[in-house]
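Novice: The structure file target08.txt (compact mmCIF, C-alpha atoms and all ligand atoms) is provided below.
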# COMPACT_ATOMS: atom_id res chain seq x y z
CA MET A 1 -21.97 -38.13 -116.51
CA ARG A 2 -23.52 -38.35 -113.04
CA THR A 3 -26.93 -36.92 -112.15
CA LEU A 4 -28.11 -36.74 -108.56
CA ILE A 5 -31.81 -36.53 -107.68
CA LYS A 6 -31.82 -35.25 -104.11
CA ASN A 7 -34.35 -34.63 -101.32
CA ILE A 8 -36.83 -37.17 -102.73
CA LYS A 9 -39.82 -37.27 -100.40
CA GLU A 10 -40.19 -40.99 -101.10
CA LEU A 11 -38.33 -43.16 -103.60
CA VAL A 12 -40.83 -45.84 -104.61
CA GLY A 13 -40.40 -49.24 -106.27
CA VAL A 14 -36.88 -49.85 -105.02
CA GLU A 15 -35.47 -53.36 -105.30
CA THR A 16 -32.43 -54.30 -103.26
CA SER A 17 -32.61 -57.88 -104.53
CA PRO A 18 -34.25 -57.58 -107.94
CA LYS A 19 -36.78 -60.11 -109.13
CA LEU A 20 -37.95 -60.68 -112.69
CA ARG A 21 -41.60 -60.57 -111.58
CA LYS A 22 -43.71 -60.62 -108.43
CA GLN A 23 -46.44 -63.17 -107.83
CA GLY A 24 -49.10 -63.95 -105.25
CA LYS A 25 -48.33 -62.38 -101.86
CA GLU A 26 -45.10 -60.83 -103.16
CA MET A 27 -47.21 -58.46 -105.21
CA ALA A 28 -48.06 -56.57 -102.02
CA LEU A 29 -44.38 -55.89 -101.33
CA LEU A 30 -43.17 -52.51 -102.51
CA GLU A 31 -39.92 -51.20 -101.09
CA THR A 32 -39.58 -47.46 -100.63
CA ILE A 33 -37.06 -45.08 -99.04
CA LYS A 34 -38.22 -41.86 -97.44
CA ASP A 35 -36.10 -38.70 -97.76
CA ALA A 36 -33.92 -40.36 -100.37
CA TYR A 37 -31.40 -39.70 -103.12
CA LEU A 38 -30.95 -41.44 -106.44
CA LEU A 39 -27.70 -41.34 -108.39
CA VAL A 40 -27.64 -41.93 -112.13
CA GLU A 41 -24.43 -42.63 -114.04
CA ASP A 42 -24.26 -42.90 -117.83
CA GLY A 43 -27.96 -43.58 -118.18
CA ASN A 44 -28.18 -46.28 -115.51
CA ILE A 45 -29.04 -46.37 -111.83
CA LYS A 46 -25.74 -46.24 -109.95
CA THR A 47 -26.97 -46.16 -106.37
CA PHE A 48 -29.68 -44.84 -104.02
CA GLY A 49 -30.33 -44.50 -100.33
CA PRO A 50 -31.37 -42.15 -97.54
CA MET A 51 -30.28 -38.52 -97.98
CA SER A 52 -28.35 -38.76 -94.70
CA GLU A 53 -26.03 -41.29 -96.36
CA TRP A 54 -25.27 -39.25 -99.46
CA ASN A 55 -21.68 -38.05 -99.79
CA GLY A 56 -20.33 -37.73 -103.28
CA THR A 57 -20.21 -35.50 -106.31
CA ALA A 58 -22.40 -35.20 -109.39
CA ASP A 59 -22.29 -33.19 -112.62
CA ASN A 60 -25.93 -32.36 -112.41
CA VAL A 61 -28.22 -32.04 -109.38
CA GLU A 62 -32.03 -32.06 -109.39
CA ASP A 63 -34.08 -31.27 -106.31
CA ALA A 64 -37.21 -33.43 -105.84
CA ALA A 65 -38.34 -31.89 -102.54
CA GLY A 66 -41.96 -32.75 -101.71
CA ARG A 67 -42.17 -35.21 -104.59
CA MET A 68 -42.19 -38.95 -105.16
CA VAL A 69 -39.78 -40.62 -107.57
CA MET A 70 -41.24 -43.74 -109.15
CA PRO A 71 -40.18 -46.18 -111.89
CA THR A 72 -41.81 -45.33 -115.22
CA PHE A 73 -44.72 -47.51 -116.28
CA CYS A 74 -44.19 -50.40 -118.68
CA ASP A 75 -47.08 -50.83 -121.05
CA SER A 76 -46.80 -54.38 -122.34
CA HIS A 77 -49.83 -54.38 -124.68
CA THR A 78 -50.62 -51.68 -127.24
CA HIS A 79 -51.71 -51.28 -130.86
CA ILE A 80 -50.66 -47.67 -131.52
CA VAL A 81 -49.88 -47.94 -135.23
CA TYR A 82 -53.21 -47.17 -136.89
CA ALA A 83 -54.68 -44.52 -139.13
CA ASN A 84 -58.17 -43.63 -137.96
CA SER A 85 -60.11 -43.21 -134.75
CA ARG A 86 -63.44 -45.10 -134.48
CA GLU A 87 -65.82 -42.88 -132.54
CA HIS A 88 -68.73 -43.75 -134.87
CA GLU A 89 -68.59 -47.35 -133.65
CA PHE A 90 -68.34 -46.03 -130.12
CA VAL A 91 -71.71 -44.38 -130.67
CA ASP A 92 -73.10 -47.57 -132.29
CA LYS A 93 -72.11 -49.42 -129.12
CA ILE A 94 -73.86 -46.88 -126.92
CA ARG A 95 -76.96 -47.48 -129.06
CA GLY A 96 -76.77 -51.19 -128.34
CA LEU A 97 -74.55 -52.98 -130.87
CA SER A 98 -71.94 -55.31 -129.42
CA TYR A 99 -68.25 -55.35 -130.35
CA GLU A 100 -68.75 -58.72 -132.03
CA GLU A 101 -71.77 -57.53 -134.04
CA ILE A 102 -69.79 -54.56 -135.34
CA ALA A 103 -66.91 -56.87 -136.26
CA LYS A 104 -69.24 -59.30 -138.05
CA ARG A 105 -70.57 -56.64 -140.39
CA GLY A 106 -67.01 -55.63 -141.39
CA GLY A 107 -66.44 -52.83 -138.90
CA GLY A 108 -64.04 -52.95 -136.00
CA ILE A 109 -60.56 -54.18 -136.83
CA LEU A 110 -61.40 -54.34 -140.57
CA ASN A 111 -62.49 -50.71 -140.47
CA SER A 112 -59.08 -49.76 -139.06
CA ALA A 113 -57.30 -52.06 -141.50
CA LYS A 114 -58.88 -50.31 -144.49
CA ALA A 115 -57.78 -46.85 -143.40
CA THR A 116 -54.38 -48.10 -142.30
CA ALA A 117 -53.75 -49.80 -145.65
CA ALA A 118 -54.41 -46.49 -147.40
CA ALA A 119 -51.96 -44.54 -145.25
CA SER A 120 -48.27 -44.24 -146.11
CA GLU A 121 -45.49 -45.46 -143.86
CA ASP A 122 -44.49 -41.85 -143.11
CA GLU A 123 -48.05 -40.87 -142.17
CA LEU A 124 -48.39 -43.88 -139.89
CA TYR A 125 -45.03 -43.14 -138.31
CA ASP A 126 -46.03 -39.53 -137.56
CA MET A 127 -49.34 -40.59 -135.97
CA ALA A 128 -47.81 -43.36 -133.88
CA GLN A 129 -44.92 -41.11 -132.85
CA GLN A 130 -47.39 -38.54 -131.49
CA ARG A 131 -49.18 -41.23 -129.46
CA LEU A 132 -45.86 -42.44 -128.13
CA GLU A 133 -44.86 -38.92 -127.11
CA GLU A 134 -48.21 -38.43 -125.36
CA VAL A 135 -47.91 -41.60 -123.24
CA MET A 136 -44.26 -40.89 -122.45
CA ARG A 137 -45.27 -37.53 -120.93
CA LEU A 138 -47.81 -39.42 -118.80
CA GLY A 139 -45.05 -41.60 -117.36
CA THR A 140 -44.62 -44.60 -119.65
CA GLY A 141 -41.00 -45.59 -120.29
CA ALA A 142 -41.30 -48.98 -122.01
CA ILE A 143 -43.93 -50.14 -124.45
CA GLU A 144 -44.82 -53.13 -126.60
CA ILE A 145 -46.39 -52.27 -129.96
CA LYS A 146 -48.30 -54.70 -132.17
CA SER A 147 -48.95 -54.73 -135.87
CA GLY A 148 -52.36 -56.13 -136.80
CA TYR A 149 -54.14 -53.36 -138.70
CA GLY A 150 -52.49 -54.48 -141.93
CA LEU A 151 -53.96 -57.95 -142.54
CA SER A 152 -52.10 -58.29 -145.84
CA THR A 153 -48.43 -59.11 -146.20
CA GLU A 154 -47.38 -55.70 -147.50
CA SER A 155 -49.50 -53.80 -145.04
CA GLU A 156 -48.32 -55.83 -142.03
CA LEU A 157 -44.70 -55.28 -143.09
CA LYS A 158 -45.41 -51.56 -143.39
CA LEU A 159 -46.71 -51.41 -139.81
CA LEU A 160 -43.77 -53.37 -138.47
CA ARG A 161 -41.33 -51.07 -140.27
CA VAL A 162 -43.04 -48.15 -138.56
CA ILE A 163 -42.42 -49.87 -135.21
CA ARG A 164 -38.77 -50.39 -136.18
CA ARG A 165 -38.45 -46.65 -136.87
CA LEU A 166 -40.04 -45.85 -133.52
CA LYS A 167 -37.46 -48.11 -131.86
CA GLU A 168 -34.67 -46.24 -133.62
CA THR A 169 -35.91 -42.75 -132.80
CA SER A 170 -37.57 -42.95 -129.37
CA PRO A 171 -35.80 -42.93 -125.99
CA MET A 172 -38.39 -45.46 -124.80
CA THR A 173 -37.71 -49.20 -124.56
CA ILE A 174 -39.83 -50.69 -127.37
CA LYS A 175 -40.66 -54.27 -128.34
CA SER A 176 -42.53 -55.25 -131.50
CA ASN A 177 -45.20 -57.90 -131.81
CA PHE A 178 -46.40 -59.38 -135.12
CA LEU A 179 -50.20 -59.71 -134.96
CA GLY A 180 -51.07 -60.73 -138.52
CA ALA A 181 -53.83 -62.91 -137.04
CA HIS A 182 -55.81 -60.01 -135.58
CA GLY A 183 -58.89 -60.17 -137.80
CA ILE A 184 -60.17 -62.24 -140.68
CA PRO A 185 -60.31 -60.17 -143.91
CA MET A 186 -63.74 -60.23 -145.62
CA GLU A 187 -62.47 -62.21 -148.61
CA TYR A 188 -61.40 -65.05 -146.27
CA ARG A 189 -64.69 -65.35 -144.40
CA GLY A 190 -65.89 -68.96 -144.46
CA HIS A 191 -62.40 -70.30 -145.22
CA GLN A 192 -60.23 -68.59 -142.66
CA GLU A 193 -57.72 -71.46 -142.75
CA ASP A 194 -56.51 -69.96 -146.03
CA TYR A 195 -55.75 -66.70 -144.22
CA VAL A 196 -53.94 -68.67 -141.51
CA ASP A 197 -51.90 -70.30 -144.31
CA LEU A 198 -51.02 -66.85 -145.64
CA VAL A 199 -49.84 -65.76 -142.18
CA ILE A 200 -47.74 -68.89 -141.81
CA ASN A 201 -46.33 -69.35 -145.30
CA GLU A 202 -45.86 -65.78 -146.43
CA MET A 203 -46.07 -63.23 -143.63
CA ILE A 204 -44.01 -64.92 -140.90
CA PRO A 205 -41.02 -65.73 -143.17
CA ARG A 206 -40.97 -62.17 -144.56
CA VAL A 207 -41.30 -60.59 -141.11
CA ALA A 208 -38.47 -62.82 -139.88
CA ALA A 209 -36.27 -62.09 -142.91
CA GLU A 210 -36.35 -58.39 -142.02
CA GLY A 211 -36.00 -59.11 -138.28
CA LEU A 212 -39.12 -57.06 -137.57
CA ALA A 213 -40.78 -58.91 -134.67
CA ASP A 214 -39.74 -59.77 -131.12
CA PHE A 215 -43.03 -61.53 -130.43
CA ILE A 216 -45.90 -63.25 -132.23
CA ASP A 217 -49.54 -62.68 -131.33
CA VAL A 218 -52.93 -64.18 -132.28
CA PHE A 219 -56.41 -62.97 -131.36
CA CYS A 220 -57.58 -66.36 -130.07
CA ASP A 221 -61.22 -65.85 -129.30
CA GLN A 222 -64.80 -66.59 -130.22
CA GLY A 223 -65.53 -65.16 -133.68
CA PHE A 224 -61.83 -64.69 -134.43
CA PHE A 225 -59.04 -67.31 -134.50
CA THR A 226 -59.52 -70.82 -133.11
CA VAL A 227 -57.22 -72.74 -130.80
CA ASP A 228 -56.04 -74.81 -133.78
CA ASP A 229 -55.33 -71.70 -135.88
CA THR A 230 -53.45 -70.28 -132.90
CA ALA A 231 -51.35 -73.39 -132.34
CA ARG A 232 -50.33 -73.51 -136.01
CA ILE A 233 -49.37 -69.83 -136.08
CA LEU A 234 -47.45 -69.97 -132.81
CA GLU A 235 -45.49 -73.02 -133.94
CA ALA A 236 -44.53 -71.24 -137.15
CA GLY A 237 -43.48 -68.09 -135.29
CA ILE A 238 -41.47 -69.99 -132.70
CA LYS A 239 -39.42 -71.60 -135.51
CA TYR A 240 -38.28 -68.09 -136.41
CA GLY A 241 -37.49 -67.11 -132.82
CA MET A 242 -40.66 -65.10 -132.12
CA ARG A 243 -41.91 -65.74 -128.59
CA PRO A 244 -45.72 -66.00 -128.26
CA LYS A 245 -47.62 -63.29 -126.43
CA ILE A 246 -51.30 -63.60 -127.21
CA HIS A 247 -54.87 -62.27 -126.92
CA ALA A 248 -57.09 -64.74 -125.05
CA ASN A 249 -60.49 -64.97 -123.40
CA GLU A 250 -61.86 -61.50 -124.12
CA MET A 251 -65.19 -62.66 -125.60
CA ALA A 252 -65.35 -66.21 -124.25
CA ILE A 253 -63.46 -68.96 -122.49
CA SER A 254 -61.70 -69.72 -125.74
CA GLY A 255 -58.94 -72.18 -124.83
CA GLY A 256 -56.58 -69.27 -125.43
CA VAL A 257 -54.99 -69.46 -121.99
CA GLN A 258 -54.24 -73.17 -122.39
CA VAL A 259 -52.78 -72.84 -125.87
CA GLY A 260 -50.68 -69.86 -124.72
CA VAL A 261 -49.29 -71.81 -121.78
CA LYS A 262 -48.66 -74.85 -124.01
CA TYR A 263 -46.41 -72.75 -126.25
CA ASN A 264 -44.74 -70.99 -123.31
CA ALA A 265 -46.21 -67.59 -124.13
CA ILE A 266 -44.52 -64.76 -122.24
CA SER A 267 -48.03 -63.46 -121.55
CA VAL A 268 -51.71 -64.19 -122.15
CA ASP A 269 -53.70 -60.97 -122.29
CA HIS A 270 -57.31 -59.77 -121.69
CA LEU A 271 -58.69 -62.63 -119.51
CA GLU A 272 -62.10 -61.06 -118.98
CA GLN A 273 -63.44 -64.62 -119.09
CA MET A 274 -61.60 -66.88 -116.65
CA GLY A 275 -62.68 -70.13 -115.03
CA ASP A 276 -60.93 -72.19 -112.38
CA ALA A 277 -59.29 -74.34 -115.07
CA GLU A 278 -57.64 -71.27 -116.61
CA ILE A 279 -56.25 -70.14 -113.25
CA GLU A 280 -55.05 -73.67 -112.49
CA CYS A 281 -53.35 -73.95 -115.85
CA LEU A 282 -51.29 -70.78 -115.29
CA LYS A 283 -49.82 -72.00 -112.00
CA GLY A 284 -46.12 -72.79 -112.05
CA THR A 285 -45.64 -71.45 -115.58
CA TYR A 286 -43.54 -68.65 -117.08
CA THR A 287 -46.64 -67.03 -118.59
CA MET A 288 -47.74 -63.64 -117.22
CA PRO A 289 -51.54 -63.23 -116.95
CA THR A 290 -52.14 -59.70 -118.19
CA ILE A 291 -55.35 -57.78 -117.60
CA LEU A 292 -56.38 -54.83 -119.78
CA PRO A 293 -58.61 -52.64 -117.59
CA GLY A 294 -59.14 -49.97 -120.27
CA CYS A 295 -60.72 -52.47 -122.65
CA ALA A 296 -63.10 -53.90 -120.04
CA PHE A 297 -64.04 -50.34 -119.06
CA PHE A 298 -64.59 -49.14 -122.63
CA LEU A 299 -66.59 -52.22 -123.74
CA ASN A 300 -68.36 -52.78 -120.40
CA LEU A 301 -66.97 -56.31 -120.18
CA PRO A 302 -66.89 -58.43 -117.05
CA LEU A 303 -63.86 -57.77 -114.86
CA SER A 304 -61.04 -60.28 -114.90
CA PRO A 305 -60.75 -61.95 -111.46
CA ALA A 306 -57.48 -60.29 -110.49
CA ARG A 307 -57.82 -60.90 -106.76
CA ARG A 308 -58.59 -64.58 -107.26
CA MET A 309 -55.51 -64.92 -109.44
CA ILE A 310 -53.27 -63.22 -106.87
CA GLU A 311 -54.77 -65.32 -104.09
CA ALA A 312 -54.02 -68.43 -106.16
CA GLY A 313 -50.36 -67.34 -106.09
CA LEU A 314 -50.23 -66.04 -109.66
CA PRO A 315 -48.55 -62.86 -110.84
CA VAL A 316 -50.79 -60.26 -112.47
CA ALA A 317 -49.80 -57.52 -114.92
CA MET A 318 -51.97 -54.67 -116.16
CA ALA A 319 -51.46 -52.84 -119.46
CA SER A 320 -53.38 -50.23 -121.47
CA ASP A 321 -54.29 -52.05 -124.73
CA TYR A 322 -54.12 -48.58 -126.36
CA ASN A 323 -56.00 -49.08 -129.67
CA PRO A 324 -58.77 -47.30 -131.62
CA GLY A 325 -61.49 -49.92 -131.08
CA THR A 326 -61.49 -51.09 -127.49
CA SER A 327 -59.27 -48.74 -125.50
CA PRO A 328 -58.51 -45.38 -127.09
CA SER A 329 -56.19 -44.29 -124.29
CA GLY A 330 -52.67 -45.25 -123.30
CA ASN A 331 -52.75 -43.42 -119.99
CA MET A 332 -51.14 -45.82 -117.53
CA GLN A 333 -51.92 -43.53 -114.59
CA LEU A 334 -55.55 -44.30 -115.30
CA ILE A 335 -54.80 -48.04 -115.50
CA LEU A 336 -53.14 -47.76 -112.08
CA SER A 337 -56.31 -46.18 -110.70
CA MET A 338 -58.57 -48.78 -112.32
CA ALA A 339 -56.39 -51.55 -110.88
CA CYS A 340 -57.26 -50.30 -107.39
CA ILE A 341 -60.79 -49.03 -107.94
CA ARG A 342 -62.25 -51.72 -110.17
CA TYR A 343 -60.05 -54.76 -109.46
CA ARG A 344 -59.37 -54.10 -105.75
CA LEU A 345 -55.62 -54.29 -105.97
CA THR A 346 -53.82 -52.40 -103.23
CA PRO A 347 -51.67 -49.47 -104.43
CA GLU A 348 -48.56 -51.62 -103.88
CA GLU A 349 -49.96 -54.48 -105.98
CA ALA A 350 -51.16 -52.05 -108.64
CA ILE A 351 -47.73 -50.41 -108.93
CA ASN A 352 -46.07 -53.81 -109.31
CA ALA A 353 -48.72 -54.83 -111.85
CA THR A 354 -48.02 -51.80 -114.07
CA THR A 355 -44.22 -51.64 -113.76
CA LEU A 356 -42.24 -54.80 -112.93
CA ASN A 357 -44.82 -57.36 -114.06
CA THR A 358 -45.57 -55.59 -117.33
CA ALA A 359 -41.80 -55.32 -117.87
CA TYR A 360 -41.67 -59.11 -117.45
CA ALA A 361 -44.57 -59.48 -119.92
CA MET A 362 -42.41 -57.83 -122.57
CA SER A 363 -39.16 -59.55 -121.53
CA VAL A 364 -37.40 -56.45 -120.23
CA SER A 365 -37.70 -56.81 -116.46
CA ASN A 366 -33.93 -57.32 -116.19
CA GLU A 367 -33.40 -53.75 -117.45
CA VAL A 368 -36.47 -51.70 -116.43
CA GLY A 369 -39.58 -51.91 -114.21
CA SER A 370 -38.11 -50.92 -110.83
CA ILE A 371 -35.46 -48.79 -109.17
CA ALA A 372 -32.55 -51.22 -108.95
CA VAL A 373 -28.79 -50.78 -109.33
CA GLY A 374 -27.71 -51.32 -112.94
CA LYS A 375 -31.18 -50.93 -114.44
CA LYS A 376 -31.90 -48.13 -116.90
CA ALA A 377 -32.54 -44.83 -115.10
CA ASN A 378 -36.19 -44.68 -116.20
CA PHE A 379 -38.26 -42.84 -113.62
CA TYR A 380 -40.63 -39.94 -113.14
CA ILE A 381 -40.79 -37.20 -110.57
CA THR A 382 -44.33 -36.51 -109.44
CA LYS A 383 -45.92 -33.16 -108.76
CA PRO A 384 -45.84 -32.35 -105.04
CA ILE A 385 -48.04 -35.07 -103.49
CA ALA A 386 -48.37 -36.42 -99.96
CA SER A 387 -47.97 -40.15 -100.57
CA TYR A 388 -47.70 -42.72 -103.37
CA GLU A 389 -51.25 -43.86 -102.63
CA TYR A 390 -52.32 -40.51 -104.10
CA MET A 391 -51.21 -41.83 -107.53
CA PRO A 392 -54.10 -44.31 -107.97
CA TYR A 393 -56.45 -42.30 -105.75
CA ALA A 394 -56.59 -39.09 -107.79
CA TYR A 395 -57.81 -40.71 -111.00
CA GLY A 396 -58.00 -38.50 -114.06
CA GLU A 397 -55.41 -36.04 -112.80
CA ASN A 398 -51.91 -35.98 -114.29
CA LYS A 399 -49.59 -36.41 -111.33
CA VAL A 400 -46.38 -36.74 -113.35
CA GLU A 401 -44.21 -33.62 -113.52
CA ARG A 402 -40.93 -34.72 -115.12
CA VAL A 403 -39.95 -37.91 -116.92
CA PHE A 404 -36.39 -39.26 -117.17
CA LEU A 405 -35.44 -42.05 -119.56
CA ASN A 406 -31.90 -43.44 -119.66
CA GLY A 407 -31.09 -40.78 -117.08
CA LYS A 408 -32.10 -37.89 -119.36
CA GLU A 409 -35.15 -35.70 -118.95
CA VAL A 410 -37.49 -36.09 -121.93
O1 LIG B 1 -56.88 -55.93 -127.76
N1 LIG B 1 -58.98 -57.88 -129.05
C1 LIG B 1 -58.34 -57.65 -130.08
N2 LIG B 1 -57.65 -56.58 -130.39
C2 LIG B 1 -57.82 -55.31 -129.79
C3 LIG B 1 -58.97 -54.58 -130.37
C4 LIG B 1 -58.69 -54.11 -131.69
C5 LIG B 1 -59.76 -53.24 -132.32
O2 LIG B 1 -60.96 -53.34 -132.04
O3 LIG B 1 -59.33 -52.45 -133.15
C6 LIG B 1 -57.90 -55.49 -128.30
O4 LIG B 1 -58.88 -55.21 -127.64
FE FE B 2 -55.08 -55.89 -127.76
For the file at hand, write its structure as C-alpha cells.
Ligand code: NIG
Ligand code: FE
Specialist:
Amino acid sequence: MRTLIKNIKELVGVETSPKLRKQGKEMALLETIKDAYLLVEDGNIKTFGPMSEWNGTADNVEDAAGRMVMPTFCDSHTHIVYANSREHEFVDKIRGLSYEEIAKRGGGILNSAKATAAASEDELYDMAQQRLEEVMRLGTGAIEIKSGYGLSTESELKLLRVIRRLKETSPMTIKSNFLGAHGIPMEYRGHQEDYVDLVINEMIPRVAAEGLADFIDVFCDQGFFTVDDTARILEAGIKYGMRPKIHANEMAISGGVQVGVKYNAISVDHLEQMGDAEIECLKGTYTMPTILPGCAFFLNLPLSPARRMIEAGLPVAMASDYNPGTSPSGNMQLILSMACIRYRLTPEEAINATTLNTAYAMSVSNEVGSIAVGKKANFYITKPIASYEYMPYAYGENKVERVFLNGKEV
C-alpha cells in the first residue's frame, strides 16, 4: 500500500543522514524541502523530495497544497493515568499556598493517589484513552506514560496494566515508565526508607514479572525522595532491565542530575533548578536534559536555562509533563510556543526539542521523531499556513489539520 502526499508547501524536519539526537549548535539545523512530496509504503516513509522529481504510482494520493507537513511530536514525559482533576489545589495556589505546602498536608500527588486507587482499571483506561486521543489530534504521535498515582503494589500494577492496554489499542508509539517512587504515602512519613524497601523488594519484581515497564523513574527532589533513595531504586530497576529516566531539580538543586547521569539515565527531567555543576555533569553523557515548560508555567517556577545548556553543547528536549497537579495539558503545540517565547529557542531548535530529542528521551529516535527514510510515517498536515515559524508563533491556536500515524490518517 503506497500513499503519496503531494504538493506539500514545505516538508519540515527532514533528515537525509538521520541522527539519534541533536545537541548544541546542531539543534539549530532543521532540513526542509519546499514544494515537496512524501511517499509512504506499508506504514513507513519510503522516500521524499521536490515535486519536480516525483515520477511513480501510488494507491492513494493526498494533496497538501498550501500546507506544511511536519513530524508528529514526541511527548517523552507524561502522567496521563489518573482519576481526578485538581482544580481546588489550583485555586489554593492562586491564594498563596506552594506546591510543596499542599503536598506536605497530604494533597497533591496523594490526593490523586486516593482517587486513582478507588477507580477500576476499566475506568482508568477510559479516562487515559480520552486524554491520549485528545493529544493525538493535536499532533502527538509518540508518548511516554508513567505510573505513580498508585503508591501501593496493587494500585501501581493496575496503572501499568492500563498503560499496557493503551499500547495494545492505540496507533501511537507508547513507552511505559514505573514511577512507584512518586510520593511518600502518609503512613510512611518519618520512615520513608520503608516505602523505598517496598518499591525495591515488592513492586519492582512484580512489575518486571509482568513485563510492564520500559523505564524506571523516581521523583528525586527536596521533600520527596533523596539521592540515596534514588540510587537504591535505580539499581534495583536496572537489574530487571528498566532504564532510568527520572524527575530531578524541580524544587531544588537536589543531586538528581548527578545521580541520573551516574546510572546512565536516558533522561533527567524538569531542571528548573540548574547550576554550572549540573550542566558540566551532563556533558559527554547519553542523558537527555528534558525541560517541562508546562510545569514551570503552571507553578510559576524559575525557567530552566535552556539557552545556556545549548550553548554549552548539550542537547535539550521539551515535553508536556501532562498531569493533574502541575501541568494539566498535553498540548505539544503550546510547548513548542513556550520553547520559543519563554526559553528563547529558535523555531528550528524548538522543533528539534519536541520531536527528535524527545524521541531520543524515550528511546525511539531510530523509528520516529523526523522525516527520514525507513522511519514510521508519523506526520501531520497543518492548516494552510505561510511558514513553519507560524507554528510556535500562533500560540493557543490549533494549527494541525490531519494526523497520520504509521501512514494511516487517525
Ligand atoms: O512531573 N514532579 C513530580 N511529578 C509531577 C507532578 C505530579 C502531581 O503533582 O500530581 C510532575 O510535575
Ligand atoms: Fe512529571
Novice: Quick one: of A:Ser329, A:Asn366, A:Thr32, A:Ser387, who's nearest to Pro50 of chain A, counting only C-alpha atoms?
Specialist: A:Thr32
Novice: Please list, as a list in words, the residues that have an atom at most 8 Å away from (-33.7, -48.8, -102.0) in the coordinates of this file, counting only C-alpha atoms.
Specialist: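 The distance filter leaves exactly Leu11, Gly13, Val14, Glu15, Thr16, Glu31, Thr32, Ile33, Phe48, Gly49, Ile371 and Ala372 of chain A.
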Novice: In terms of the shortest atom-to-atom distance over all atoms listed in the file, which of A:Lys93, A:Lys383, A:Arg232, A:Lys167 is closest to Ile216 of chain A?
Specialist: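 Checking each of A:Lys93, A:Lys383, A:Arg232, A:Lys167 against Ile216 of chain A, counting all atoms listed in the file, the winner is A:Arg232.
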Novice: Taking only C-alpha atoms into account, name the residue in A:Ser254, A:Asn201, A:Asn378, A:Ser112 that is nearest to Phe224 of chain A.
Specialist: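 Going through A:Ser254, A:Asn201, A:Asn378, A:Ser112 one by one, the smallest distance to Phe224 of chain A is for A:Ser254.
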Novice: Using all atoms listed in the file, which of A:Met186, A:Ile80, A:Ile8, A:Ile335 sits nearest ligand FE 2 (chain B)?
Specialist: A:Ile80
Novice: Extending 3 Å beyond the listed atoms of segment 167-184 of chain A on each side, what axis-aligned box results? I want centre and edge lengths in Å to one decimal, as JSON.
Specialist:
{"center_x": -47.4, "center_y": -52.8, "center_z": -132.6, "size_x": 31.5, "size_y": 26.2, "size_z": 22.1}
Novice: Interatomic distance between atom CA of Ala319 of chain A and atom CA of Lys9 of chain A?
Specialist: 27.2 Å
Novice: If you count all atoms listed in the file, which residues fall within 9 Å of Val261 of chain A, apart from same-chain ones fewer than 5 positions away, as a PyMOL selection string?
Specialist: chain A and resi 256+266-268+281-282+285-287
Novice: Set the distance at 7 Å and use all atoms listed in the file: which residues neighbour Ile200 of chain A once local chain neighbours fewer than 4 positions away are removed? I'd like the list as a VMD selection string.
Specialist: chain A and resid 196 204 233 236
Novice: When you draw a straight line from atom CA of Val40 of chain A to atom CA of Leu4 of chain A, how long is it in Å?
Specialist: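 About the pair atom CA of Val40 of chain A and atom CA of Leu4 of chain A: they are 6.3 Å apart.
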Novice: Hey, which of A:His88, A:Lys408, A:Lys245, A:Lys175 ends up closest to ligand FE 2 (chain B)? Count all atoms listed in the file.
Specialist: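 Nearest candidate to ligand FE 2 (chain B) out of A:His88, A:Lys408, A:Lys245, A:Lys175: A:Lys245.
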Novice: Which one of A:Glu187, A:Gly284, A:Glu401, A:Ser147 sits closest to ligand FE 2 (chain B) if you count all atoms listed in the file?
Specialist: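 Of the candidates, the smallest distance to ligand FE 2 (chain B) is held by A:Ser147.
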Novice: Which residues, written as a list in words, have at least one atom at most 12 Å from Asp276 of chain A, with only C-alpha atoms counted and residues fewer than 6 positions away on the same chain left out?
Specialist: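 In the requested format, the answer is Ile253, Val257, Leu282, Lys283, Pro305, Arg308, Met309 and Ala312 of chain A.
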Novice: Okay, now the selection with C-alpha atoms, as a JSON list (two decimals), in the frame of the given file?
Specialist:
[["chain", "number", "residue", "atom", "x", "y", "z"],
["A", 253, "ILE", "CA", -63.46, -68.96, -122.49],
["A", 257, "VAL", "CA", -54.99, -69.46, -121.99],
["A", 282, "LEU", "CA", -51.29, -70.78, -115.29],
["A", 283, "LYS", "CA", -49.82, -72.00, -112.00],
["A", 305, "PRO", "CA", -60.75, -61.95, -111.46],
["A", 308, "ARG", "CA", -58.59, -64.58, -107.26],
["A", 309, "MET", "CA", -55.51, -64.92, -109.44],
["A", 312, "ALA", "CA", -54.02, -68.43, -106.16]]
Novice: Determine, counting only C-alpha atoms, which protein, DNA and RNA residues have an atom within 6 Å of an atom of segment 70-72 of chain A; residues of the same chain fewer than 4 positions away are not included. Present the result as a list in words.
Specialist: Val12, Gly139, Thr140, Gly141, Ser370, Asn378, Phe379 and Tyr380 of chain A
Novice: Would you mind reading off the distance between atom CA of Ala213 of chain A and atom CA of Ser170 of chain A, one decimal, in Å?
Specialist: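 Interatomic distance, atom CA of Ala213 of chain A to atom CA of Ser170 of chain A: 17.1 Å.
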Novice: Name all residues at most 12 Å from Asn60 of chain A (count only C-alpha atoms; drop same-chain ones fewer than 6 positions away) and give them as a VMD selection string.
Specialist: chain A and resid 1 to 6 38 to 42 407 to 409
Novice: Next, the residues of the selection above should be written as a compact mmCIF listing (two decimals), keeping the file's coordinate frame with C-alpha atoms.
Specialist:
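Below is the file that was written, selection_32.txt:
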# COMPACT_ATOMS: atom_id res chain seq x y z
CA MET A 1 -21.97 -38.13 -116.51
CA ARG A 2 -23.52 -38.35 -113.04
CA THR A 3 -26.93 -36.92 -112.15
CA LEU A 4 -28.11 -36.74 -108.56
CA ILE A 5 -31.81 -36.53 -107.68
CA LYS A 6 -31.82 -35.25 -104.11
CA LEU A 38 -30.95 -41.44 -106.44
CA LEU A 39 -27.70 -41.34 -108.39
CA VAL A 40 -27.64 -41.93 -112.13
CA GLU A 41 -24.43 -42.63 -114.04
CA ASP A 42 -24.26 -42.90 -117.83
CA GLY A 407 -31.09 -40.78 -117.08
CA LYS A 408 -32.10 -37.89 -119.36
CA GLU A 409 -35.15 -35.70 -118.95
